[in-house]
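*Asks:* Got structure15.cif for you, mmCIF, C-alpha atoms and all ligand atoms:
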data_data
#
loop_
_atom_site.label_atom_id
_atom_site.label_comp_id
_atom_site.auth_asym_id
_atom_site.auth_seq_id
_atom_site.Cartn_x
_atom_site.Cartn_y
_atom_site.Cartn_z
CA MET A 13 -79.07 83.21 29.92
CA SER A 14 -76.05 85.44 29.68
CA VAL A 15 -76.35 89.15 29.17
CA ASP A 16 -75.33 90.48 25.76
CA ILE A 17 -72.47 92.64 26.95
CA LEU A 18 -71.51 93.89 23.48
CA LYS A 19 -75.01 95.15 22.89
CA ILE A 20 -74.98 96.94 26.23
CA VAL A 21 -71.65 98.59 25.54
CA LYS A 22 -72.90 99.74 22.13
CA GLU A 23 -76.13 101.08 23.60
CA THR A 24 -74.26 102.86 26.32
CA LEU A 25 -72.01 104.65 23.93
CA SER A 26 -74.77 105.69 21.61
CA ASP A 27 -75.71 108.64 23.79
CA LYS A 28 -78.93 107.16 25.14
CA PRO A 29 -80.75 109.32 27.69
CA GLY A 30 -80.62 107.89 31.18
CA ARG A 31 -77.60 105.80 30.37
CA ARG A 32 -75.11 108.60 30.78
CA THR A 33 -74.38 111.08 33.49
CA ARG A 34 -71.96 113.88 34.10
CA ASN A 35 -70.42 114.82 37.43
CA ALA A 36 -69.47 118.31 38.67
CA GLU A 37 -66.10 118.14 36.89
CA GLY A 38 -67.83 117.40 33.64
CA LYS A 39 -66.63 113.78 33.51
CA THR A 40 -68.98 111.35 31.89
CA PHE A 41 -69.88 108.01 33.39
CA TYR A 42 -71.71 105.06 31.92
CA PHE A 43 -73.45 102.14 33.53
CA VAL A 44 -73.23 98.69 32.07
CA ARG A 45 -72.82 95.79 34.42
CA TYR A 46 -74.57 93.29 36.65
CA ASP A 47 -73.27 91.27 39.54
CA ASP A 48 -74.49 89.62 42.70
CA LYS A 49 -76.10 91.62 45.47
CA SER A 50 -73.44 91.03 48.11
CA SER A 51 -70.73 92.67 46.07
CA ILE A 52 -72.83 95.78 45.49
CA THR A 53 -72.55 96.75 49.14
CA GLU A 54 -68.82 96.34 48.82
CA TYR A 55 -68.62 98.44 45.67
CA LYS A 56 -70.57 101.22 47.32
CA ARG A 57 -68.18 101.19 50.25
CA THR A 58 -65.12 101.16 47.98
CA LEU A 59 -66.41 103.84 45.70
CA LYS A 60 -67.58 106.08 48.55
CA GLY A 61 -69.85 108.10 46.28
CA LYS A 62 -67.02 108.95 43.89
CA TYR A 63 -68.77 107.24 41.06
CA HIS A 64 -72.33 107.15 39.88
CA MET A 65 -73.89 103.75 40.13
CA ARG A 66 -77.02 101.98 39.19
CA THR A 67 -78.23 98.65 40.43
CA TRP A 68 -80.93 96.45 39.03
CA LYS A 69 -82.35 93.01 39.44
CA LYS A 70 -82.32 90.61 36.56
CA LYS A 71 -85.73 89.26 35.62
CA ASN A 72 -86.46 85.78 36.93
CA SER A 73 -83.23 85.66 38.86
CA SER A 74 -81.86 86.71 42.18
CA ASN A 75 -78.88 88.37 40.51
CA TYR A 76 -78.61 92.07 41.11
CA GLY A 77 -76.79 94.24 38.67
CA LEU A 78 -74.15 96.87 38.87
CA TRP A 79 -71.58 97.95 36.42
CA VAL A 80 -69.92 101.32 36.51
CA CYS A 81 -67.66 102.48 33.78
CA GLU A 82 -65.71 105.60 33.41
CA LEU A 83 -64.43 107.16 30.24
CA GLU A 84 -61.16 109.03 30.27
CA THR A 85 -59.80 110.92 27.32
CA LYS A 86 -56.58 109.24 26.36
CA THR A 87 -54.83 112.10 24.62
CA LYS A 88 -55.09 115.54 26.17
CA PRO A 89 -55.59 118.27 23.55
CA THR A 90 -52.68 120.70 23.43
CA PRO A 91 -53.72 124.29 24.33
CA THR A 92 -52.85 125.65 20.87
CA ALA A 93 -54.65 122.89 19.00
CA ALA A 94 -57.70 122.89 21.26
CA PRO A 95 -60.94 122.77 19.26
CA THR A 96 -63.29 125.67 19.67
CA THR A 97 -66.17 123.39 20.56
CA GLU A 98 -65.51 120.44 22.85
CA PRO A 99 -66.86 117.15 21.46
CA THR A 100 -69.23 115.33 23.77
CA ALA A 101 -67.79 112.35 25.60
CA ALA A 102 -70.01 110.05 23.57
CA GLN A 103 -68.72 111.50 20.30
CA THR A 104 -65.18 111.16 21.54
CA ALA A 105 -65.86 107.57 22.49
CA LEU A 106 -67.27 106.78 19.11
CA ASN A 107 -64.30 108.41 17.44
CA GLY A 108 -62.16 106.00 19.34
CA GLU A 109 -60.29 108.58 21.38
CA ALA A 110 -61.76 108.05 24.81
CA LYS A 111 -61.44 104.44 25.60
CA LYS A 112 -60.50 103.69 29.17
CA LEU A 113 -63.22 101.57 30.59
CA ARG A 114 -63.18 100.70 34.22
CA LEU A 115 -64.86 97.49 35.23
CA PHE A 116 -65.73 96.74 38.79
CA LEU A 117 -66.28 93.05 39.07
CA SER A 118 -66.75 91.13 42.29
CA SER A 119 -64.78 93.41 44.55
CA HIS A 120 -62.06 93.48 41.91
CA ASN A 121 -61.32 96.62 39.95
CA PHE A 122 -60.26 95.83 36.47
CA ILE A 123 -59.23 98.49 34.02
CA ILE A 124 -59.29 97.84 30.33
CA ASP A 125 -59.48 99.86 27.15
CA LEU A 126 -62.81 99.68 25.41
CA GLU A 127 -61.38 98.47 22.11
CA PRO A 128 -59.75 95.23 23.28
CA LEU A 129 -62.80 94.51 25.41
CA LYS A 130 -65.07 94.93 22.42
CA ALA A 131 -62.86 92.63 20.37
CA ILE A 132 -62.94 89.96 23.06
CA ILE A 133 -66.69 90.20 23.47
CA SER A 134 -67.19 90.04 19.76
CA GLY A 135 -64.86 87.01 19.65
CA ILE A 136 -66.87 85.30 22.38
CA LYS A 137 -70.05 85.95 20.45
CA ALA A 138 -68.52 84.47 17.32
CA LYS A 139 -67.28 81.47 19.35
CA HIS A 140 -63.73 82.23 18.24
CA ASN A 141 -60.66 80.89 19.93
CA ILE A 142 -59.44 83.94 21.79
CA THR A 143 -55.81 84.68 22.48
CA LEU A 144 -54.68 87.29 24.98
CA VAL A 145 -51.11 88.39 24.46
CA GLY A 146 -49.24 90.45 27.02
CA LYS A 147 -46.37 90.58 29.46
CA THR A 148 -46.55 89.00 32.90
CA ALA A 149 -49.24 90.51 35.11
CA THR A 150 -50.94 92.57 32.44
CA GLY A 151 -54.19 90.97 33.57
CA LYS A 152 -54.68 88.21 30.97
CA SER A 153 -55.77 85.47 33.38
CA THR A 154 -57.77 87.81 35.59
CA LEU A 155 -59.71 89.21 32.65
CA ILE A 156 -60.63 85.78 31.30
CA LYS A 157 -61.89 84.68 34.70
CA LEU A 158 -63.90 87.87 35.12
CA LEU A 159 -65.46 87.23 31.72
CA CYS A 160 -66.29 83.64 32.73
CA LYS A 161 -67.99 85.01 35.82
CA TYR A 162 -69.81 87.61 33.80
CA TYR A 163 -71.14 85.03 31.38
CA ASN A 164 -71.90 82.60 34.24
CA LYS A 165 -69.54 80.01 32.82
CA GLY A 166 -67.43 77.55 34.68
CA TYR A 167 -63.95 77.01 33.30
CA GLU A 168 -61.12 74.52 33.19
CA GLU A 169 -57.61 75.88 33.14
CA ILE A 170 -54.68 74.05 31.62
CA THR A 171 -51.25 75.47 32.28
CA CYS A 172 -49.12 74.40 29.35
CA ASN A 173 -45.63 73.04 29.79
CA PRO A 174 -43.23 71.37 27.36
CA TYR A 175 -43.41 68.04 29.21
CA GLN A 176 -47.17 67.57 28.95
CA GLU A 177 -48.44 64.31 27.51
CA ALA A 178 -51.41 63.89 25.17
CA GLU A 179 -53.30 62.08 27.96
CA GLU A 180 -53.45 65.32 29.94
CA ILE A 181 -55.56 66.74 27.15
CA LYS A 182 -57.46 63.63 26.12
CA GLY A 183 -57.67 61.47 29.24
CA LYS A 184 -56.45 57.93 29.85
CA TYR A 185 -57.35 54.40 30.83
CA ILE A 186 -56.22 53.19 34.22
CA ALA A 187 -56.43 49.69 35.64
CA LYS A 188 -58.93 49.47 38.49
CA SER A 189 -57.79 47.95 41.75
CA ASN A 190 -60.48 45.25 41.57
CA ALA A 191 -59.19 43.84 38.28
CA THR A 192 -60.37 40.27 37.78
CA LYS A 193 -57.99 37.48 36.89
CA ASP A 194 -59.71 36.80 33.52
CA GLY A 195 -59.48 40.29 32.23
CA LEU A 196 -58.30 43.75 32.84
CA ASN A 197 -60.84 45.93 34.59
CA ILE A 198 -60.07 49.32 33.24
CA GLU A 199 -61.59 52.73 33.67
CA TRP A 200 -61.38 55.86 31.51
CA ILE A 201 -60.19 58.88 33.45
CA LYS A 202 -61.55 62.08 31.94
CA SER A 203 -59.20 64.97 31.30
CA GLN A 204 -60.02 68.55 32.31
CA VAL A 205 -60.69 69.27 28.64
CA HIS A 206 -63.17 66.39 28.50
CA LYS A 207 -64.96 67.70 31.59
CA ALA A 208 -65.11 71.20 30.13
CA ILE A 209 -66.60 70.04 26.84
CA GLU A 210 -69.05 67.73 28.57
CA GLY A 211 -70.17 70.39 31.03
CA GLY A 212 -70.33 73.26 28.51
CA GLU A 213 -67.59 75.04 30.39
CA TRP A 214 -64.99 77.34 28.89
CA LEU A 215 -61.39 76.33 28.47
CA ILE A 216 -58.27 78.30 29.23
CA PHE A 217 -54.89 77.23 27.90
CA GLU A 218 -52.44 79.30 29.92
CA GLU A 219 -49.06 80.04 28.31
CA ILE A 220 -49.93 78.33 25.03
CA ASN A 221 -46.46 78.98 23.69
CA PHE A 222 -45.19 76.46 26.24
CA LEU A 223 -47.34 73.68 24.76
CA ASN A 224 -45.18 71.05 23.13
CA PRO A 225 -45.85 71.19 19.35
CA VAL A 226 -46.29 67.39 19.27
CA LEU A 227 -49.59 67.99 21.10
CA TYR A 228 -50.97 70.49 18.59
CA SER A 229 -52.71 67.76 16.63
CA SER A 230 -54.42 66.55 19.83
CA VAL A 231 -56.18 69.86 20.15
CA TYR A 232 -57.00 70.66 16.50
CA SER A 233 -60.58 69.37 16.55
CA LEU A 234 -61.08 71.12 19.86
CA LEU A 235 -60.35 74.45 18.26
CA ASP A 236 -62.67 73.95 15.30
CA HIS A 237 -66.15 75.42 15.32
CA ASN A 238 -67.98 72.55 17.02
CA LYS A 239 -65.27 72.10 19.66
CA LYS A 240 -64.93 68.35 19.43
CA LEU A 241 -62.60 66.22 21.51
CA ILE A 242 -61.76 63.05 19.60
CA LEU A 243 -60.60 60.23 21.85
CA THR A 244 -58.66 58.03 19.44
CA GLU A 245 -57.44 56.00 22.39
CA LYS A 246 -61.05 55.29 23.44
CA GLU A 247 -62.34 53.68 20.25
CA GLY A 248 -62.51 57.10 18.57
CA GLU A 249 -65.27 58.37 20.87
CA GLU A 250 -66.19 61.98 20.22
CA VAL A 251 -67.13 64.46 22.93
CA SER A 252 -68.80 67.64 21.77
CA ASN A 253 -71.24 70.27 22.95
CA GLY A 254 -72.08 71.87 19.64
CA GLY A 255 -69.52 74.61 20.06
CA GLU A 256 -70.70 76.01 23.39
CA THR A 257 -67.17 76.08 24.77
CA VAL A 258 -65.08 79.17 24.18
CA VAL A 259 -61.37 78.43 24.16
CA PHE A 260 -58.97 81.04 25.49
CA PHE A 261 -55.21 81.12 25.17
CA THR A 262 -52.81 83.35 27.00
CA LEU A 263 -49.29 83.95 25.88
CA ASN A 264 -46.39 86.10 26.81
CA ALA A 265 -44.78 86.86 23.45
CA GLY A 266 -41.04 86.51 23.35
CA TYR A 267 -40.84 84.65 26.65
CA GLY A 268 -37.66 82.57 26.79
CA GLY A 269 -37.86 78.82 26.14
CA THR A 270 -41.21 78.89 24.40
CA PHE A 271 -42.26 77.47 21.03
CA ASP A 272 -42.93 79.75 18.11
CA LEU A 273 -46.52 79.30 16.99
CA ASN A 274 -45.53 80.65 13.58
CA ASP A 275 -43.76 77.36 12.91
CA ASN A 276 -47.05 75.52 12.62
CA PRO A 277 -49.50 77.17 10.20
CA ALA A 278 -52.39 74.75 10.97
CA PHE A 279 -52.22 75.54 14.66
CA LYS A 280 -51.60 79.22 14.10
CA ARG A 281 -54.67 79.50 11.89
CA ARG A 282 -56.83 78.12 14.71
CA VAL A 283 -55.28 80.40 17.29
CA GLN A 284 -55.48 83.39 14.98
CA GLN A 285 -59.18 84.19 15.21
CA THR A 286 -59.30 86.88 17.86
CA ILE A 287 -55.98 88.05 19.20
CA VAL A 288 -55.96 90.85 21.71
CA ARG A 289 -52.97 92.54 23.28
CA LEU A 290 -53.03 93.72 26.86
CA ASP A 291 -50.51 96.22 28.11
CA TYR A 292 -49.56 97.66 31.46
CA LEU A 293 -51.71 100.52 32.69
CA THR A 294 -50.54 104.11 32.31
CA PRO A 295 -48.94 105.46 35.53
CA GLN A 296 -52.03 107.61 36.12
CA ALA A 297 -54.45 104.70 35.74
CA GLU A 298 -52.29 102.38 37.80
CA ALA A 299 -51.95 105.01 40.56
CA LYS A 300 -55.71 105.41 40.63
CA TYR A 301 -56.11 101.64 40.85
CA ILE A 302 -53.58 101.43 43.70
CA HIS A 303 -55.30 104.31 45.48
CA ASP A 304 -58.73 102.74 45.03
CA THR A 305 -57.76 99.20 45.97
CA LYS A 306 -55.05 99.77 48.57
CA GLY A 307 -56.06 103.16 49.91
CA LEU A 308 -52.54 104.44 49.27
CA ASN A 309 -52.17 108.24 49.22
CA LYS A 310 -52.75 109.47 45.64
CA ASP A 311 -49.48 111.42 45.37
CA ILE A 312 -47.35 108.58 46.71
CA ALA A 313 -49.16 106.14 44.43
CA LEU A 314 -48.39 108.33 41.41
CA VAL A 315 -44.68 108.60 42.28
CA LEU A 316 -44.50 104.85 42.73
CA CYS A 317 -46.35 104.10 39.50
CA LYS A 318 -44.25 106.57 37.50
CA PHE A 319 -41.16 104.80 38.80
CA MET A 320 -42.60 101.41 37.83
CA ASP A 321 -43.42 102.80 34.40
CA GLN A 322 -39.83 103.96 33.95
CA LEU A 323 -38.47 100.56 34.98
CA ARG A 324 -40.84 98.79 32.58
CA LYS A 325 -39.62 100.98 29.74
CA GLU A 326 -36.01 100.26 30.66
CA LYS A 327 -36.80 96.55 30.81
CA GLU A 328 -38.16 96.74 27.27
CA GLY A 329 -34.86 98.31 26.30
CA ASP A 330 -31.67 96.82 27.63
CA ALA A 331 -32.41 96.33 31.34
CA SER A 332 -33.68 92.80 30.87
CA GLU A 333 -32.29 91.68 34.26
CA TYR A 334 -35.10 93.51 36.02
CA PRO A 335 -37.72 91.35 37.69
CA ASP A 336 -41.26 91.11 36.37
CA LEU A 337 -42.81 94.49 36.94
CA GLY A 338 -46.49 93.68 36.95
CA ILE A 339 -49.18 95.52 38.82
CA SER A 340 -49.05 92.84 41.52
CA ILE A 341 -45.53 94.06 42.47
CA THR A 342 -46.87 97.60 42.69
CA GLU A 343 -49.61 96.26 44.96
CA ALA A 344 -47.05 94.53 47.18
CA ILE A 345 -44.98 97.73 47.44
CA ALA A 346 -48.15 99.64 48.34
CA ASP A 347 -48.84 97.13 51.15
CA HIS A 348 -45.42 97.82 52.67
CA ILE A 349 -45.89 101.58 52.40
CA ASN A 350 -49.30 101.24 54.05
CA ASN A 351 -47.57 99.38 56.87
CA GLY A 352 -45.34 102.36 57.55
CA MET A 353 -42.33 101.81 55.30
CA THR A 354 -40.95 104.55 53.06
CA ILE A 355 -41.05 103.95 49.28
CA ASN A 356 -37.30 103.25 49.34
CA GLU A 357 -37.69 100.70 52.14
CA ALA A 358 -40.66 99.08 50.48
CA LEU A 359 -38.70 98.56 47.26
CA GLU A 360 -36.15 96.36 49.06
CA PRO A 361 -38.19 93.20 49.71
CA THR A 362 -40.20 93.58 46.51
CA LEU A 363 -37.81 94.68 43.75
CA ILE A 364 -34.25 95.12 44.97
CA ASN A 365 -33.86 91.68 46.52
CA PHE A 366 -34.94 89.97 43.32
CA CYS A 367 -32.55 87.10 42.75
CA THR A 368 -31.22 87.82 39.26
CA LEU A 369 -29.97 91.25 40.29
CA ASP A 370 -26.35 90.98 41.46
CA ASN A 371 -25.00 93.25 44.21
CA GLU A 372 -23.87 95.89 41.76
CA ALA A 373 -27.17 95.91 39.89
CA GLN A 374 -29.04 96.06 43.20
CA GLU A 375 -27.03 99.10 44.29
CA ALA A 376 -27.65 100.78 40.92
CA LEU A 377 -31.38 100.15 41.21
CA ARG A 378 -31.41 101.44 44.79
CA GLU A 379 -29.69 104.63 43.67
CA LYS A 380 -31.98 105.04 40.70
CA ALA A 381 -35.01 104.75 42.99
CA SER A 382 -33.63 107.29 45.49
CA LEU A 383 -32.89 109.80 42.74
CA PHE A 384 -36.26 109.29 41.12
CA ILE A 385 -38.17 109.71 44.36
CA LYS A 386 -36.15 112.79 45.37
CA GLY A 387 -36.86 114.31 41.95
CA CYS A 388 -40.63 114.00 42.38
N1 LIG A 401 -55.80 96.17 33.97
C1 LIG A 401 -55.80 95.72 35.23
N2 LIG A 401 -56.68 96.22 36.11
C2 LIG A 401 -56.68 95.78 37.38
N3 LIG A 401 -55.85 94.84 37.86
C3 LIG A 401 -54.95 94.31 37.06
C4 LIG A 401 -54.88 94.72 35.69
N4 LIG A 401 -53.89 94.02 35.10
C5 LIG A 401 -53.40 93.20 36.05
N5 LIG A 401 -54.03 93.37 37.21
C6 LIG A 401 -53.74 92.64 38.47
O1 LIG A 401 -52.42 92.14 38.40
C7 LIG A 401 -52.35 90.82 38.92
C8 LIG A 401 -51.76 89.88 37.90
O2 LIG A 401 -52.67 89.70 36.84
P1 LIG A 401 -52.79 88.36 36.00
O3 LIG A 401 -54.19 88.29 35.48
O4 LIG A 401 -52.30 87.20 36.77
O5 LIG A 401 -51.78 88.69 34.81
P2 LIG A 401 -51.25 87.74 33.64
O6 LIG A 401 -52.18 86.58 33.54
O7 LIG A 401 -51.28 88.64 32.45
O8 LIG A 401 -49.87 87.36 34.03
C9 LIG A 401 -53.74 90.46 39.34
O9 LIG A 401 -53.87 90.67 40.73
C10 LIG A 401 -54.61 91.41 38.57
O10 LIG A 401 -55.77 91.65 39.26
MG MG A 402 -51.65 84.56 33.80
#
Transcribe the structure of this file into structure tokens.
*Replies:*
Amino acid sequence: MSVDILKIVKETLSDKPGRRTRNAEGKTFYFVRYDDKSSITEYKRTLKGKYHMRTWKKKNSSNYGLWVCELETKTKPTPTAAPTTEPTAAQTALNGEAKKLRLFLSSHNFIIDLEPLKAIISGIKAKHNITLVGKTATGKSTLIKLLCKYYNKGYEEITCNPYQEAEEIKGKYIAKSNATKDGLNIEWIKSQVHKAIEGGEWLIFEEINFLNPVLYSSVYSLLDHNKKLILTEKEGEEVSNGGETVVFFTLNAGYGGTFDLNDNPAFKRRVQQTIVRLDYLTPQAEAKYIHDTKGLNKDIALVLCKFMDQLRKEKEGDASEYPDLGISITEAIADHINNGMTINEALEPTLINFCTLDNEAQEALREKASLFIKGC
């Protein structure tokens, strides 16, 4: 039985005694998560007493629980407009202002705003098809897999590409090697989708905007409420699990060479049940993540993450030649710094040597980095 995560989040935010605690700085922490026992030791080591934690054992199961979440106020009140009485963290949360939720899942820190998480959880509950939209390395795939783990669900992952054939979704007949001379001895090879539906697993269509539109009709029935796979090629056999499978899509909007889902209303309607956007972390949150996961000095991490943030903003503007600037690049840079390189040196093998930057652009980026770092 999976834990009702939405209910727990709601309970946690409703100011229940025992569910909330405040540290010496007045920060409020909430507890909401379970995981296996082995990772708890790891969390405790990673967190080094910085966070409050609670562990518990699920009834009738060997699974231990731990979920720590931290609320941060997103917008700092300006001194002049500061209210005379500070709202409690719970009130702020309910007003939708404090919404950074930090999940620690299986030795993996994952940071997500409360609102998108709630939407996803609600979508899962409603058995919606759930689409996560965001730039490269904003955590779409990681989040889905963490959710699968949380709900104890296996998953099948299909990475879409324009050259896919319907048989990759539906399956196919192949001739067996021991075919007799009086007839073909054939065998049906199940697709990943088939296996997912049969086994009650969840399905992830990665980069759905790369799926060739001629295949949309192959997946229609799969996206309807009872999640049916109709094998027209196999005498119309139907595979279904009564809607147990949750279907996830990821897409990187505006990515070159992709298909526009808007062109096909029937498909769009099925995709458009729960759509959630993920964005890069703020420099402060990313720096904290890099400090927590890589042990990089806090100040250096902040300089690095502010620089990444600036590059990402420029990339949104006219600097489209920049490489992908996901958190995984920041992590790689942090590794080099931890191994004794300066920030400038660490940027070379990670950002500057990226192949679409020509010599001139590389030099400009190098200079920009030097200036930025000097200015900090
Ligand atoms: N919000 C986040 N919190 C923690 N780690 C993140 C976050 N977003 C991305 N990452 C990390 O960045 C890397 C790339 O994430 P990934 O899930 O592959 O992104 P996407 O699927 O959006 O391209 C992973 O190592 C992931 O753990
Ligand atoms: Mg991905």
*Asks:* Within 8 Å of region 222-234 of chain A, counting all atoms listed in the file, which residues show up once you throw out same-chain ones fewer than 4 positions away? Write them as a list in words, please.
*Replies:*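 My list of contacting residues is Cys172, Asn173, Pro174, Tyr175, Gln176, Glu177, Ala178, Ile181, Lys182, Asn238, Lys239, Lys240, Leu241, Ile242, Gly269, Thr270, Phe271, Phe279 and Arg282 of chain A.
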*Asks:* Show me which residues sit within 10 Å of ligand MG 402 (chain A) when counting only C-alpha atoms and all ligand atoms, and put them as a list in words.
*Replies:*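 The distance check yields Leu144, Gly146, Lys147, Thr148, Ala149, Thr150, Gly151, Lys152, Ser153, Thr154, Leu155, Ile156, Thr171, Phe217, Glu218, Glu219, Phe261, Thr262, Leu263 and Asn264 of chain A.
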*Asks:* Give me a file of those residues, with C-alpha atoms, as a PDB file, in the frame of the given file.
*Replies:*
ATOM      1  CA  LEU A 144     -54.680  87.290  24.980  1.00  0.00           C
ATOM      2  CA  GLY A 146     -49.240  90.450  27.020  1.00  0.00           C
ATOM      3  CA  LYS A 147     -46.370  90.580  29.460  1.00  0.00           C
ATOM      4  CA  THR A 148     -46.550  89.000  32.900  1.00  0.00           C
ATOM      5  CA  ALA A 149     -49.240  90.510  35.110  1.00  0.00           C
ATOM      6  CA  THR A 150     -50.940  92.570  32.440  1.00  0.00           C
ATOM      7  CA  GLY A 151     -54.190  90.970  33.570  1.00  0.00           C
ATOM      8  CA  LYS A 152     -54.680  88.210  30.970  1.00  0.00           C
ATOM      9  CA  SER A 153     -55.770  85.470  33.380  1.00  0.00           C
ATOM     10  CA  THR A 154     -57.770  87.810  35.590  1.00  0.00           C
ATOM     11  CA  LEU A 155     -59.710  89.210  32.650  1.00  0.00           C
ATOM     12  CA  ILE A 156     -60.630  85.780  31.300  1.00  0.00           C
ATOM     13  CA  THR A 171     -51.250  75.470  32.280  1.00  0.00           C
ATOM     14  CA  PHE A 217     -54.890  77.230  27.900  1.00  0.00           C
ATOM     15  CA  GLU A 218     -52.440  79.300  29.920  1.00  0.00           C
ATOM     16  CA  GLU A 219     -49.060  80.040  28.310  1.00  0.00           C
ATOM     17  CA  PHE A 261     -55.210  81.120  25.170  1.00  0.00           C
ATOM     18  CA  THR A 262     -52.810  83.350  27.000  1.00  0.00           C
ATOM     19  CA  LEU A 263     -49.290  83.950  25.880  1.00  0.00           C
ATOM     20  CA  ASN A 264     -46.390  86.100  26.810  1.00  0.00           C
TER      21      ASN A 264
END
*Asks:* Which residue is closest to ligand LIG 401 (chain A)? Choose from A:Ile201, A:Ala187, A:Ile287, A:Ala297 and count only C-alpha atoms and all ligand atoms.
*Replies:*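 When distances to ligand LIG 401 (chain A) are compared using only C-alpha atoms and all ligand atoms, the smallest one comes from A:Ala297.
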*Asks:* Here is a test: counting all atoms listed in the file, which residue of A:Tyr167, A:Phe319, A:Phe366, A:Tyr292 is nearest to Leu383 (chain A)?
*Replies:*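 Closest to Leu383 (chain A) of all the choices is A:Phe319.
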*Asks:* Put a box with edges along x, y and z around all the listed atoms of ligand LIG 401 (chain A), pad it by 8 Å on each side, then give me its centre and sizes in Å, one decimal, as JSON.
*Replies:*
{"center_x": -53.3, "center_y": 91.4, "center_z": 36.6, "size_x": 22.8, "size_y": 25.6, "size_z": 24.3}
*Asks:* Taking all atoms listed in the file into account, which of A:Glu328, A:Glu256, A:Asp347, A:Glu379 comes nearest Glu210 (chain A)?
*Replies:*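 Going through A:Glu328, A:Glu256, A:Asp347, A:Glu379 one by one, the smallest distance to Glu210 (chain A) is for A:Glu256.
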*Asks:* For Tyr301 (chain A), work out the shell of residues within 10 Å, counting only C-alpha atoms and skipping chain neighbours fewer than 6 positions away, then give it as a count of residues only.
*Replies:* 12
*Asks:* Measuring between only C-alpha atoms, which one of A:Thr286, A:Asn351, A:Gln374, A:Ser340 shows the shortest distance to Ile132 (chain A)?
*Replies:*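 Among the listed residues, A:Thr286 lies closest to Ile132 (chain A).
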*Asks:* At what distance in Å, to one decimal, does CA of Ile364 (chain A) lie from CA of Leu377 (chain A)?
*Replies:*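 Calculated distance between CA of Leu377 (chain A) and CA of Ile364 (chain A) is 6.9 Å.
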*Asks:* Starting from the point (-35.1, 91.0, 37.9), work out which residues of protein, DNA or RNA have an atom no more than 12 Å away when counting only C-alpha atoms; state them as a PDB file with C-alpha atoms, keeping the file's coordinate frame.
*Replies:*
ATOM      1  CA  LEU A 323     -38.470 100.560  34.980  1.00  0.00           C
ATOM      2  CA  ARG A 324     -40.840  98.790  32.580  1.00  0.00           C
ATOM      3  CA  GLU A 326     -36.010 100.260  30.660  1.00  0.00           C
ATOM      4  CA  LYS A 327     -36.800  96.550  30.810  1.00  0.00           C
ATOM      5  CA  ALA A 331     -32.410  96.330  31.340  1.00  0.00           C
ATOM      6  CA  SER A 332     -33.680  92.800  30.870  1.00  0.00           C
ATOM      7  CA  GLU A 333     -32.290  91.680  34.260  1.00  0.00           C
ATOM      8  CA  TYR A 334     -35.100  93.510  36.020  1.00  0.00           C
ATOM      9  CA  PRO A 335     -37.720  91.350  37.690  1.00  0.00           C
ATOM     10  CA  ASP A 336     -41.260  91.110  36.370  1.00  0.00           C
ATOM     11  CA  LEU A 337     -42.810  94.490  36.940  1.00  0.00           C
ATOM     12  CA  GLY A 338     -46.490  93.680  36.950  1.00  0.00           C
ATOM     13  CA  ILE A 341     -45.530  94.060  42.470  1.00  0.00           C
ATOM     14  CA  THR A 362     -40.200  93.580  46.510  1.00  0.00           C
ATOM     15  CA  LEU A 363     -37.810  94.680  43.750  1.00  0.00           C
ATOM     16  CA  ILE A 364     -34.250  95.120  44.970  1.00  0.00           C
ATOM     17  CA  ASN A 365     -33.860  91.680  46.520  1.00  0.00           C
ATOM     18  CA  PHE A 366     -34.940  89.970  43.320  1.00  0.00           C
ATOM     19  CA  CYS A 367     -32.550  87.100  42.750  1.00  0.00           C
ATOM     20  CA  THR A 368     -31.220  87.820  39.260  1.00  0.00           C
ATOM     21  CA  LEU A 369     -29.970  91.250  40.290  1.00  0.00           C
ATOM     22  CA  ASP A 370     -26.350  90.980  41.460  1.00  0.00           C
ATOM     23  CA  ALA A 373     -27.170  95.910  39.890  1.00  0.00           C
ATOM     24  CA  GLN A 374     -29.040  96.060  43.200  1.00  0.00           C
ATOM     25  CA  LEU A 377     -31.380 100.150  41.210  1.00  0.00           C
TER      26      LEU A 377
END
*Asks:* For a quick check of understanding, using only C-alpha atoms, which of A:Glu127, A:Glu298, A:Glu245, A:Glu169 has the smallest distance to Tyr185 (chain A)?
*Replies:*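 Using only C-alpha atoms, Tyr185 (chain A) sits closest to A:Glu245.
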*Asks:* Could you tell me how far CA of Trp214 (chain A) sits from CA of Phe260 (chain A), in Å to one decimal place?
*Replies:* 7.8 Å
*Asks:* To one decimal place, how far is atom O8 of ligand LIG 401 (chain A) from CA of Lys130 (chain A) in Å?
*Replies:*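 About the pair atom O8 of ligand LIG 401 (chain A) and CA of Lys130 (chain A): they are 20.6 Å apart.
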*Asks:* Counting all atoms listed in the file, which of A:Leu314, A:Ile302, A:Lys184, A:Pro128 gets nearest to Lys246 (chain A)?
*Replies:*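 Closest candidate: A:Lys184.
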